[in-house]
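Report on one structure; see the data block that follows.
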Amino acid sequence: MNQTKEIKVPLDLVKGILISAVSIFLILATPGQVNISREGDGITSRTFPYMIFGIMLACGILFILRGVFTKGEKQAMVFNRETARAWAIPVMTLLIVAGYVFLMSKFGYLVSSVVAVAAVLAFLRCKKWHYYAICVGTVFVIYFVFTELIQVQLPGLPF
Amino acid sequence: MLEILSSVITVENIFIMFLGTFAGIIFGAIPGLTTVLAVVLFTPMTYGMDSITAILLLLGLYCGGTYGGSITSILINTPGTPAASATAVDGYPLAKKGMAKKALEMALYASVFGGIISGIVLLIGAPAVAAMAIKFGAPEYFMLAVFGLTMIISVSSKDILSGVVAGCIGIFLSIVGTDVTSGVFRYTFGSISLASGIDMLIIMIGMFAVLELMEKASDILRNRKICEVSQEAIHVTRAEKGVNLSELKQCLRTIVRSSFIGTGIGALPGTGAVLASFISYDMAKKRSPRGDNFGKGELEAVAATEAGNNGVTGATLIPMLTLGIPGDNVVAIMLGAFTIHGLTPGPNLFSNSANVVYALMIGFLLLQLVMLVEGKLVLRYAYKVAYISNLLLVPIILLFCTAGSFAVRNKMSDVWMIIIFAFVGFLLKKLQIPTLPMILGYILGAMAEKYFRRALAMSTNGALIFATRPICVVFLLVIVLTVVFTVRQQYKVKKTAAK
């Protein structure tokens with residue numbers, strides 16, 4: 001029988017650990033990230049952030065406690081082949097977007113966008129040529145609308 | 001008055017109103033695209049526009065989007081927006097009975113009526129609230145911001161704790177950059193581009209628009225779901241008759257009642273059009289002599305839900321314009337757009353930019369008429385957009401996202417930032433942490449901190465200042481009551497569900 005490996009972790013526990021970790025990191029980073037002239041001045045630029053991170057940490061701890069001590073059926077985060085796929089496609093899409101932004105910073109909006117729409121359509125396994133044509137046409141329309149009609153500049157050509 | 005009218009009724013504004021409403025109807029009609037997305041994608045296009053024209057475009061998108069959802073609800077039983085879900089209950093059975101045109105027209109008339117009532121309440125109510133709020137000092141503003149933040153609890157109905165975390169993340173994002181009080185950099189992690197802070201639009205483009213296209217791409221590759229619609233549309237023929245006067249008369253009482261329900265609900269931050277349409281439906285069902293027929297295809301039900309959800313649109317602007325508290329996601333983005341155009345929502349908006357505010361309120365009423373004209377023209381064909389392939393939408397949304405994010409401040413770093421926020425949004429979704437509280441936190445967090453520090457600086461008794469000023473005490477009581485009531489209500493709901 002073809003058994004797939006599956007890991008189930010209570011959702012509250014995952015949330016709790018992540019939120020606690022982020023808030024502890026931010027609390028520890030605060031002295032280096034927010035410079036104040038003197039400590040103990042009462043209300044400073046650090047006061048409010050500390051309050052917010054304190055609340056976040058408290059929520060994180062409550063999530064962990066809820067994840068550990070709640071009886072009965074708990075909501076779980078499931079990690080298996082299917083969920084890996086469900087995570088992989090959006091992340092791959094985001095990587096394509098990152099590639100597009102990198103190209104845009106080197107070659108400007110027009111060139112990078114034409115390449116990007118073609119890449120996205122190919123990634124989505126689109127075989128209809130007219131979809132490619134419509135998207136490339138849209139690139140030029142958007143460029144024209146932004147730069148000519150509403151006078152908002154977009155990254156130009158490198159030459 | 002004439003001056004205000006002449007600033008609204010210009011050829012450019014009329015064209016923009018038609019364009020905004022049309023685009024709104026299209027976004028509303030396409031299942032999977034939302035009014036939020038429409039406003040996020042169009043906001044960067046308003047940078048070169050005059051402030052009135054820009055806000056009218058966004059209001060057109062908002063009103064058109066709220067109405068547009070009903071078209072696909074009725075013709076293909078697929079609500080274009082969540083607010084139109086209740087419309088599908090009776091709208092689609094009506095369409096199946098061959099009364100699609102009647103249902104569509106009733107939805108349009110009820111939407112326009114709901115919008116007009118809401119606009120009138122906005123015109124009368126907003127200045128009154130602003131006049132009261134003008135007396136606020138720093139302590140009152142702080143309490144107001146805290147009151148706004150308590151809305152996080154009511155919008156996080158599924159899990160308050162997750163809502164609070166989202167709110168805190170939003171507040172954190174709002175404090176990144178230069179501290180306006182002391183001038184020091186906060187959480188810039190050595191990046192100069194973060195010194196001017198993170199623009200809300202960048203967060204919204206990343207978390208809503210880029211995330212949307214990531215999910216659409218996933219749907220396409222995993223299920224080959226290239227179109228959101230699975231059912232065949234019911235077509236409207238030319239011979240089909242529309243709503244007649246006696247049918248309109250029969251539904252008038254329901255339309256008026258539902259419009260006021262929507263307006264009342266819209267004025268409360270954190271409620272929204274979905275709630276308004278379902279409450280309106282329920283009230284209409286209880287009060288109508290044809291209540292038994294609801295759910296089987298009743299014109300009055302369509303009138304109730306559409307008047308209800310469009311009644312929300314104008315009223316939601318009251319807390320935003322007068323207090324700077326956004327009622328929902330769409331209005332939150334609009335609040336950002338106001339700031340971009342040099343208008344700071346809050347009580348002072350009415351004294352500093354009275355002409356612009358009144359022009360917008362009058363423009364809002366005119367938009368309803370534009371929607372009536374445009375709705376009549378497009379109602380037979382608008383459903384076709386629901387069949388636009390996701391394969392086309394994904395790259396096109398992407399193009400708008402990158403152009404829009406660059407246009408915010410002409411910085412490539414902002415375009416990189418949308419990728420980070422898309423990933424954060426993706427993680428939050430997987431962790432079931434809602435995003436609306438985050439937006440509330442972002443908007444109200446900065447306000448809360450600024451006035452908290454100012455209030456304490458002017459106080460001789462420390463934090464006691466918040467308990468000694470009458471308006472602060474009222475806010476304190478309202479905050480306590482809101483929190484207790486909401487938590488109790490949610491506890492009851494959970495207990496009932498457990499049983």
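Residue names in the structure tokens use chain letters A, B, ... in the order shown, residue numbers from 1 in each chain, and ligand numbers from 1 in the order shown.
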
Might you pull out every residue within 8 Å of A:Arg46, with only C-alpha atoms counted and same-chain residues fewer than 4 positions away left off, and present them as a PyMOL selection string?
chain A and resi 30-31+34+36+50

Could those residues be written to a file, using C-alpha atoms, as a compact mmCIF listing (two decimals), in the first residue's frame?
# COMPACT_ATOMS: atom_id res chain seq x y z
CA THR A 30 14.74 47.35 19.81
CA PRO A 31 17.77 48.87 21.64
CA VAL A 34 15.70 52.67 18.16
CA ILE A 36 17.37 57.26 22.34
CA TYR A 50 7.79 47.62 23.73

Interface residues on chain B facing chain A, 6 Å, only C-alpha atoms, written as a list of chain:residue names
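Listed by rising number, the hits are B:Gly48, B:Val165, B:Cys168, B:Arg186, B:Tyr187, B:Met214, B:Ser218, B:Pro395.
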
What lies within 12 Å of stretch 342-353 of chain B using only C-alpha atoms, ignoring chain neighbours under 4 positions off, as a PyMOL selection string?
chain B and resi 4+47+50-52+54-55+123+126-137+141+144-145+317-326+331-332+334-338+357-361+443-444+447

May I have the selected residues written with C-alpha atoms, as a CSV table (one decimal), in the first residue's frame?
chain,number,residue,atom,x,y,z
B,4,ILE,CA,-18.8,73.1,-4.7
B,47,TYR,CA,-1.5,60.2,-8.3
B,50,ASP,CA,-6.8,66.4,-8.7
B,51,SER,CA,-7.9,65.3,-5.2
B,52,ILE,CA,-11.7,65.4,-6.0
B,54,ALA,CA,-9.1,60.9,-7.6
B,55,ILE,CA,-11.5,60.2,-4.7
B,123,LEU,CA,-24.2,64.6,4.0
B,126,ALA,CA,-20.8,63.6,8.9
B,127,PRO,CA,-20.6,67.3,9.6
B,128,ALA,CA,-22.5,66.8,12.9
B,129,VAL,CA,-20.0,64.1,14.1
B,130,ALA,CA,-17.1,66.3,12.9
B,131,ALA,CA,-18.4,69.3,14.8
B,132,MET,CA,-18.5,67.2,18.0
B,133,ALA,CA,-15.0,65.7,17.3
B,134,ILE,CA,-13.4,69.1,16.8
B,135,LYS,CA,-13.4,69.6,20.6
B,136,PHE,CA,-11.0,66.7,21.0
B,137,GLY,CA,-7.5,67.2,22.4
B,141,TYR,CA,-7.7,61.4,20.2
B,144,LEU,CA,-10.6,57.5,20.0
B,145,ALA,CA,-7.7,55.5,18.5
B,317,LEU,CA,-17.4,57.0,5.1
B,318,ILE,CA,-18.8,58.8,8.2
B,319,PRO,CA,-16.3,57.3,10.7
B,320,MET,CA,-13.5,57.6,8.1
B,321,LEU,CA,-14.1,61.2,7.2
B,322,THR,CA,-14.9,62.5,10.7
B,323,LEU,CA,-12.8,60.4,13.0
B,324,GLY,CA,-10.2,58.8,10.7
B,325,ILE,CA,-11.4,55.3,11.6
B,326,PRO,CA,-12.0,53.1,8.5
B,331,VAL,CA,-12.4,52.5,3.1
B,332,ALA,CA,-9.0,51.8,4.8
B,334,MET,CA,-9.3,55.1,0.5
B,335,LEU,CA,-8.1,56.6,3.8
B,336,GLY,CA,-4.6,56.1,2.5
B,337,ALA,CA,-5.6,57.7,-0.8
B,338,PHE,CA,-6.9,60.8,1.0
B,357,VAL,CA,-15.3,67.1,1.6
B,358,TYR,CA,-18.7,68.5,0.5
B,359,ALA,CA,-17.8,68.1,-3.1
B,360,LEU,CA,-17.1,64.4,-2.4
B,361,MET,CA,-20.3,63.9,-0.6
B,443,ILE,CA,-3.9,53.2,10.5
B,444,LEU,CA,-4.7,53.6,14.2
B,447,MET,CA,-2.4,57.9,15.7

I'd like to know which residues of stretch 7-98 of chain A are strand (DSSP E) (by DSSP, run on the backbone); could you write them as a list in words?
Ile7, Lys8, Val9, Pro10, Ala76, Met77, Val78 and Phe79 of chain A

Students should find that atom CA of B:Asn223 and atom CA of B:Ile397 are spaced 20.2 Å

Write out as a CSV table (one decimal) with N, CA and C atoms, in the first residue's frame all residues of chain A that backbone DSSP assigns to helix (DSSP H, G or I).
chain,number,residue,atom,x,y,z
A,11,LEU,N,-2.4,23.9,15.2
A,11,LEU,CA,-2.2,25.2,14.6
A,11,LEU,C,-1.8,26.3,15.6
A,12,ASP,N,-2.5,26.2,16.8
A,12,ASP,CA,-2.2,27.2,17.8
A,12,ASP,C,-0.8,27.1,18.3
A,13,LEU,N,-0.2,25.9,18.3
A,13,LEU,CA,1.2,25.7,18.8
A,13,LEU,C,2.1,26.4,17.7
A,14,VAL,N,1.8,26.1,16.4
A,14,VAL,CA,2.7,26.7,15.4
A,14,VAL,C,2.6,28.3,15.5
A,15,LYS,N,1.4,28.8,15.6
A,15,LYS,CA,1.2,30.2,15.7
A,15,LYS,C,1.9,30.8,16.9
A,16,GLY,N,1.7,30.1,18.0
A,16,GLY,CA,2.3,30.6,19.3
A,16,GLY,C,3.8,30.6,19.2
A,17,ILE,N,4.4,29.6,18.7
A,17,ILE,CA,5.9,29.6,18.6
A,17,ILE,C,6.4,30.7,17.7
A,18,LEU,N,5.7,30.8,16.5
A,18,LEU,CA,6.2,31.8,15.5
A,18,LEU,C,6.0,33.2,16.1
A,19,ILE,N,4.8,33.5,16.7
A,19,ILE,CA,4.6,34.8,17.2
A,19,ILE,C,5.5,35.2,18.3
A,20,SER,N,5.7,34.2,19.2
A,20,SER,CA,6.6,34.4,20.4
A,20,SER,C,8.0,34.7,19.9
A,21,ALA,N,8.5,33.9,18.9
A,21,ALA,CA,9.8,34.1,18.4
A,21,ALA,C,10.0,35.5,17.7
A,22,VAL,N,9.0,35.9,16.9
A,22,VAL,CA,9.1,37.2,16.3
A,22,VAL,C,9.1,38.3,17.3
A,23,SER,N,8.2,38.2,18.3
A,23,SER,CA,8.1,39.3,19.3
A,23,SER,C,9.4,39.3,20.2
A,24,ILE,N,10.0,38.2,20.5
A,24,ILE,CA,11.2,38.2,21.3
A,24,ILE,C,12.3,38.8,20.5
A,25,PHE,N,12.4,38.4,19.2
A,25,PHE,CA,13.4,39.0,18.3
A,25,PHE,C,13.3,40.5,18.2
A,26,LEU,N,12.0,41.0,18.1
A,26,LEU,CA,11.8,42.5,18.0
A,26,LEU,C,12.1,43.2,19.3
A,27,ILE,N,11.8,42.5,20.4
A,27,ILE,CA,12.1,43.1,21.7
A,27,ILE,C,13.6,43.3,21.9
A,28,LEU,N,14.3,42.2,21.5
A,28,LEU,CA,15.8,42.2,21.6
A,28,LEU,C,16.4,43.2,20.6
A,29,ALA,N,15.8,43.3,19.5
A,29,ALA,CA,16.4,44.2,18.4
A,29,ALA,C,16.1,45.7,18.7
A,30,THR,N,15.1,46.0,19.6
A,30,THR,CA,14.7,47.4,19.8
A,30,THR,C,15.9,48.3,20.3
A,31,PRO,N,16.7,47.9,21.2
A,31,PRO,CA,17.8,48.9,21.6
A,31,PRO,C,18.7,49.2,20.5
A,32,GLY,N,19.0,48.3,19.6
A,32,GLY,CA,19.8,48.6,18.5
A,32,GLY,C,19.1,49.3,17.3
A,33,GLN,N,17.8,49.2,17.3
A,33,GLN,CA,17.1,49.7,16.2
A,33,GLN,C,16.4,51.1,16.5
A,47,THR,N,9.0,53.2,24.0
A,47,THR,CA,7.9,52.8,24.9
A,47,THR,C,6.8,52.0,24.2
A,48,PHE,N,6.3,52.7,23.2
A,48,PHE,CA,5.1,52.1,22.4
A,48,PHE,C,5.5,50.8,21.8
A,49,PRO,N,6.6,50.7,21.1
A,49,PRO,CA,7.0,49.4,20.5
A,49,PRO,C,7.1,48.3,21.5
A,50,TYR,N,7.7,48.6,22.7
A,50,TYR,CA,7.8,47.6,23.7
A,50,TYR,C,6.4,47.1,24.2
A,51,MET,N,5.5,48.1,24.3
A,51,MET,CA,4.1,47.7,24.7
A,51,MET,C,3.5,46.7,23.7
A,52,ILE,N,3.7,47.1,22.4
A,52,ILE,CA,3.1,46.3,21.3
A,52,ILE,C,3.7,44.9,21.3
A,53,PHE,N,5.1,44.8,21.4
A,53,PHE,CA,5.7,43.5,21.3
A,53,PHE,C,5.4,42.7,22.6
A,54,GLY,N,5.2,43.4,23.7
A,54,GLY,CA,4.7,42.7,24.9
A,54,GLY,C,3.4,42.0,24.7
A,55,ILE,N,2.5,42.8,24.1
A,55,ILE,CA,1.1,42.2,23.9
A,55,ILE,C,1.3,41.0,22.9
A,56,MET,N,2.1,41.2,21.9
A,56,MET,CA,2.3,40.1,20.9
A,56,MET,C,2.9,38.8,21.6
A,57,LEU,N,3.8,39.1,22.5
A,57,LEU,CA,4.4,37.9,23.2
A,57,LEU,C,3.4,37.2,24.1
A,58,ALA,N,2.6,38.1,24.8
A,58,ALA,CA,1.5,37.5,25.6
A,58,ALA,C,0.6,36.6,24.8
A,59,CYS,N,0.2,37.2,23.6
A,59,CYS,CA,-0.7,36.4,22.7
A,59,CYS,C,0.0,35.1,22.3
A,60,GLY,N,1.3,35.2,21.9
A,60,GLY,CA,2.0,34.0,21.5
A,60,GLY,C,2.0,32.9,22.6
A,61,ILE,N,2.3,33.4,23.8
A,61,ILE,CA,2.3,32.4,25.0
A,61,ILE,C,0.9,31.8,25.1
A,62,LEU,N,-0.2,32.7,25.0
A,62,LEU,CA,-1.5,32.1,25.1
A,62,LEU,C,-1.8,31.1,24.0
A,63,PHE,N,-1.3,31.4,22.8
A,63,PHE,CA,-1.5,30.4,21.7
A,63,PHE,C,-0.9,29.1,22.1
A,64,ILE,N,0.4,29.2,22.6
A,64,ILE,CA,1.1,27.9,23.0
A,64,ILE,C,0.3,27.2,24.0
A,65,LEU,N,-0.2,27.9,25.1
A,65,LEU,CA,-0.9,27.2,26.1
A,65,LEU,C,-2.2,26.6,25.6
A,66,ARG,N,-2.9,27.3,24.7
A,66,ARG,CA,-4.1,26.8,24.1
A,66,ARG,C,-3.8,25.6,23.2
A,67,GLY,N,-2.7,25.6,22.5
A,67,GLY,CA,-2.3,24.5,21.7
A,67,GLY,C,-2.0,23.3,22.5
A,68,VAL,N,-1.4,23.5,23.7
A,68,VAL,CA,-1.0,22.3,24.5
A,68,VAL,C,-2.1,21.8,25.4
A,69,PHE,N,-2.9,22.7,26.0
A,69,PHE,CA,-3.8,22.3,27.0
A,69,PHE,C,-5.3,22.1,26.5
A,81,ARG,N,2.5,15.5,1.3
A,81,ARG,CA,2.8,15.8,-0.1
A,81,ARG,C,1.9,16.9,-0.7
A,82,GLU,N,0.6,16.7,-0.4
A,82,GLU,CA,-0.4,17.6,-1.0
A,82,GLU,C,-0.2,19.1,-0.5
A,83,THR,N,0.0,19.2,0.8
A,83,THR,CA,0.2,20.6,1.4
A,83,THR,C,1.5,21.2,0.9
A,84,ALA,N,2.5,20.3,0.7
A,84,ALA,CA,3.8,20.8,0.1
A,84,ALA,C,3.6,21.4,-1.2
A,85,ARG,N,2.7,20.7,-2.0
A,85,ARG,CA,2.4,21.2,-3.4
A,85,ARG,C,1.6,22.5,-3.3
A,86,ALA,N,0.7,22.6,-2.3
A,86,ALA,CA,-0.1,23.8,-2.1
A,86,ALA,C,0.8,24.9,-1.7
A,87,TRP,N,1.9,24.7,-1.0
A,87,TRP,CA,2.8,25.8,-0.7
A,87,TRP,C,3.8,26.1,-1.8
A,88,ALA,N,4.1,25.0,-2.5
A,88,ALA,CA,5.2,25.2,-3.5
A,88,ALA,C,4.8,26.1,-4.7
A,89,ILE,N,3.5,25.9,-5.2
A,89,ILE,CA,3.1,26.7,-6.4
A,89,ILE,C,3.1,28.2,-6.1
A,90,PRO,N,2.4,28.6,-5.0
A,90,PRO,CA,2.4,30.1,-4.7
A,90,PRO,C,3.8,30.6,-4.5
A,91,VAL,N,4.7,29.8,-3.8
A,91,VAL,CA,6.0,30.3,-3.6
A,91,VAL,C,6.8,30.4,-4.9
A,92,MET,N,6.6,29.4,-5.8
A,92,MET,CA,7.3,29.5,-7.1
A,92,MET,C,6.8,30.7,-7.9
A,93,THR,N,5.5,31.0,-7.8
A,93,THR,CA,4.9,32.2,-8.5
A,93,THR,C,5.6,33.4,-7.9
A,94,LEU,N,5.8,33.5,-6.6
A,94,LEU,CA,6.4,34.6,-6.0
A,94,LEU,C,7.9,34.7,-6.5
A,95,LEU,N,8.5,33.6,-6.7
A,95,LEU,CA,9.9,33.6,-7.2
A,95,LEU,C,10.0,34.2,-8.6
A,96,ILE,N,9.0,33.9,-9.4
A,96,ILE,CA,8.9,34.5,-10.7
A,96,ILE,C,8.7,36.0,-10.6
A,97,VAL,N,7.8,36.4,-9.7
A,97,VAL,CA,7.6,37.8,-9.5
A,97,VAL,C,8.9,38.5,-9.1
A,98,ALA,N,9.7,37.8,-8.2
A,98,ALA,CA,11.0,38.3,-7.7
A,98,ALA,C,11.9,38.5,-8.9
A,99,GLY,N,12.0,37.5,-9.8
A,99,GLY,CA,12.8,37.6,-11.0
A,99,GLY,C,12.4,38.7,-11.9
A,100,TYR,N,11.1,38.9,-12.0
A,100,TYR,CA,10.5,40.0,-12.8
A,100,TYR,C,11.0,41.4,-12.2
A,101,VAL,N,10.9,41.5,-10.9
A,101,VAL,CA,11.3,42.8,-10.2
A,101,VAL,C,12.8,43.0,-10.4
A,102,PHE,N,13.6,41.9,-10.4
A,102,PHE,CA,15.1,42.0,-10.6
A,102,PHE,C,15.3,42.5,-12.0
A,103,LEU,N,14.6,41.9,-13.0
A,103,LEU,CA,14.8,42.4,-14.4
A,103,LEU,C,14.4,43.8,-14.6
A,104,MET,N,13.3,44.2,-13.8
A,104,MET,CA,12.8,45.5,-14.0
A,104,MET,C,13.8,46.6,-13.5
A,105,SER,N,14.5,46.2,-12.4
A,105,SER,CA,15.5,47.1,-11.9
A,105,SER,C,16.7,47.2,-12.9
A,106,LYS,N,16.9,46.2,-13.7
A,106,LYS,CA,18.0,46.2,-14.7
A,106,LYS,C,17.6,46.8,-16.0
A,107,PHE,N,16.4,46.4,-16.5
A,107,PHE,CA,16.1,46.7,-17.9
A,107,PHE,C,14.8,47.6,-18.0
A,108,GLY,N,14.3,48.1,-16.9
A,108,GLY,CA,13.1,48.9,-17.0
A,108,GLY,C,11.8,48.2,-17.1
A,109,TYR,N,10.7,48.9,-17.1
A,109,TYR,CA,9.3,48.3,-17.0
A,109,TYR,C,9.0,47.5,-18.3
A,110,LEU,N,9.2,48.2,-19.5
A,110,LEU,CA,8.7,47.6,-20.7
A,110,LEU,C,9.3,46.2,-21.0
A,111,VAL,N,10.6,46.2,-21.0
A,111,VAL,CA,11.3,44.9,-21.4
A,111,VAL,C,11.0,43.8,-20.4
A,112,SER,N,11.2,44.2,-19.1
A,112,SER,CA,11.0,43.1,-18.1
A,112,SER,C,9.5,42.6,-18.1
A,113,SER,N,8.6,43.5,-18.3
A,113,SER,CA,7.2,43.1,-18.2
A,113,SER,C,6.8,42.2,-19.4
A,114,VAL,N,7.3,42.5,-20.6
A,114,VAL,CA,7.1,41.6,-21.7
A,114,VAL,C,7.6,40.2,-21.4
A,115,VAL,N,8.8,40.1,-20.8
A,115,VAL,CA,9.4,38.8,-20.5
A,115,VAL,C,8.6,38.2,-19.4
A,116,ALA,N,8.2,39.0,-18.4
A,116,ALA,CA,7.5,38.4,-17.2
A,116,ALA,C,6.1,37.8,-17.6
A,117,VAL,N,5.3,38.5,-18.4
A,117,VAL,CA,4.0,38.0,-18.7
A,117,VAL,C,4.2,36.7,-19.5
A,118,ALA,N,5.2,36.7,-20.4
A,118,ALA,CA,5.4,35.4,-21.2
A,118,ALA,C,5.8,34.3,-20.2
A,119,ALA,N,6.7,34.6,-19.2
A,119,ALA,CA,7.1,33.6,-18.3
A,119,ALA,C,6.0,33.1,-17.4
A,120,VAL,N,5.1,34.0,-17.0
A,120,VAL,CA,4.0,33.6,-16.1
A,120,VAL,C,3.0,32.7,-16.9
A,121,LEU,N,2.7,33.1,-18.2
A,121,LEU,CA,1.8,32.3,-19.0
A,121,LEU,C,2.4,30.9,-19.2
A,122,ALA,N,3.7,30.9,-19.5
A,122,ALA,CA,4.4,29.6,-19.8
A,122,ALA,C,4.3,28.8,-18.5
A,123,PHE,N,4.6,29.4,-17.3
A,123,PHE,CA,4.5,28.7,-16.0
A,123,PHE,C,3.1,28.1,-15.8
A,129,TRP,N,-1.9,31.3,-28.0
A,129,TRP,CA,-1.0,32.4,-28.4
A,129,TRP,C,-1.6,33.8,-28.3
A,130,HIS,N,-2.9,33.8,-28.4
A,130,HIS,CA,-3.6,35.1,-28.3
A,130,HIS,C,-3.6,35.7,-26.9
A,131,TYR,N,-3.5,34.8,-25.9
A,131,TYR,CA,-3.3,35.2,-24.5
A,131,TYR,C,-2.0,35.9,-24.3
A,132,TYR,N,-1.0,35.4,-25.0
A,132,TYR,CA,0.4,36.0,-24.9
A,132,TYR,C,0.3,37.4,-25.6
A,133,ALA,N,-0.4,37.5,-26.7
A,133,ALA,CA,-0.5,38.7,-27.4
A,133,ALA,C,-1.3,39.8,-26.6
A,134,ILE,N,-2.4,39.3,-26.0
A,134,ILE,CA,-3.2,40.3,-25.2
A,134,ILE,C,-2.4,40.8,-24.0
A,135,CYS,N,-1.6,39.9,-23.3
A,135,CYS,CA,-0.8,40.4,-22.2
A,135,CYS,C,0.3,41.3,-22.6
A,136,VAL,N,1.0,41.0,-23.7
A,136,VAL,CA,2.0,41.9,-24.2
A,136,VAL,C,1.4,43.3,-24.5
A,137,GLY,N,0.3,43.2,-25.2
A,137,GLY,CA,-0.4,44.5,-25.5
A,137,GLY,C,-0.8,45.3,-24.2
A,138,THR,N,-1.2,44.5,-23.2
A,138,THR,CA,-1.5,45.2,-21.9
A,138,THR,C,-0.3,45.9,-21.3
A,139,VAL,N,0.8,45.3,-21.5
A,139,VAL,CA,2.1,45.9,-21.0
A,139,VAL,C,2.2,47.3,-21.6
A,140,PHE,N,2.0,47.5,-22.9
A,140,PHE,CA,2.2,48.7,-23.6
A,140,PHE,C,1.1,49.7,-23.2
A,141,VAL,N,-0.1,49.2,-23.0
A,141,VAL,CA,-1.3,50.0,-22.6
A,141,VAL,C,-1.0,50.6,-21.2
A,142,ILE,N,-0.6,49.8,-20.3
A,142,ILE,CA,-0.3,50.2,-18.9
A,142,ILE,C,0.8,51.3,-18.9
A,143,TYR,N,1.8,51.0,-19.7
A,143,TYR,CA,3.0,51.9,-19.7
A,143,TYR,C,2.5,53.3,-20.3
A,144,PHE,N,1.7,53.2,-21.3
A,144,PHE,CA,1.2,54.5,-21.9
A,144,PHE,C,0.3,55.2,-20.9
A,145,VAL,N,-0.6,54.5,-20.3
A,145,VAL,CA,-1.6,55.1,-19.3
A,145,VAL,C,-0.8,55.8,-18.2
A,146,PHE,N,0.2,55.1,-17.6
A,146,PHE,CA,0.9,55.6,-16.5
A,146,PHE,C,1.8,56.8,-16.9
A,147,THR,N,2.6,56.6,-18.0
A,147,THR,CA,3.6,57.6,-18.3
A,147,THR,C,3.0,58.8,-19.1
A,148,GLU,N,2.0,58.6,-19.9
A,148,GLU,CA,1.5,59.7,-20.7
A,148,GLU,C,0.3,60.3,-20.2
A,149,LEU,N,-0.7,59.4,-19.9
A,149,LEU,CA,-2.0,60.0,-19.5
A,149,LEU,C,-2.0,60.5,-18.0

Spatial neighbours of B:Thr486, 12 Å, only C-alpha atoms, chain gap at least 5 places, as a PyMOL selection string:
chain B and resi 150-160+478-481+491-493

Residues at most 12 Å from B:Asp199, counting only C-alpha atoms, excluding those fewer than 3 positions away in the same chain, as an NGL selection string?
:B and (44 or 170 or 173-177 or 193-196 or 202-206 or 333 or 336-337 or 339-340 or 405-409 or 411 or 413-415 or 417-418 or 421 or 439 or 442-443)

Could you list, as a PyMOL selection string, every residue within 10 Å of B:Gly327, counting only C-alpha atoms and ignoring same-chain residues fewer than 6 positions away?
chain B and resi 148+151+155+265-272+312-313+315-320+436+440

What is the distance between atom CA of B:Asn329 and atom CA of B:Asn309, in Å to one decimal?
15.0 Å

I want to know what sits within 8 Å of A:Ala76, based on only C-alpha atoms, with residues of the same chain fewer than 2 positions away left out; could you give that as a PyMOL selection string?
chain A and resi 8-12+74+78
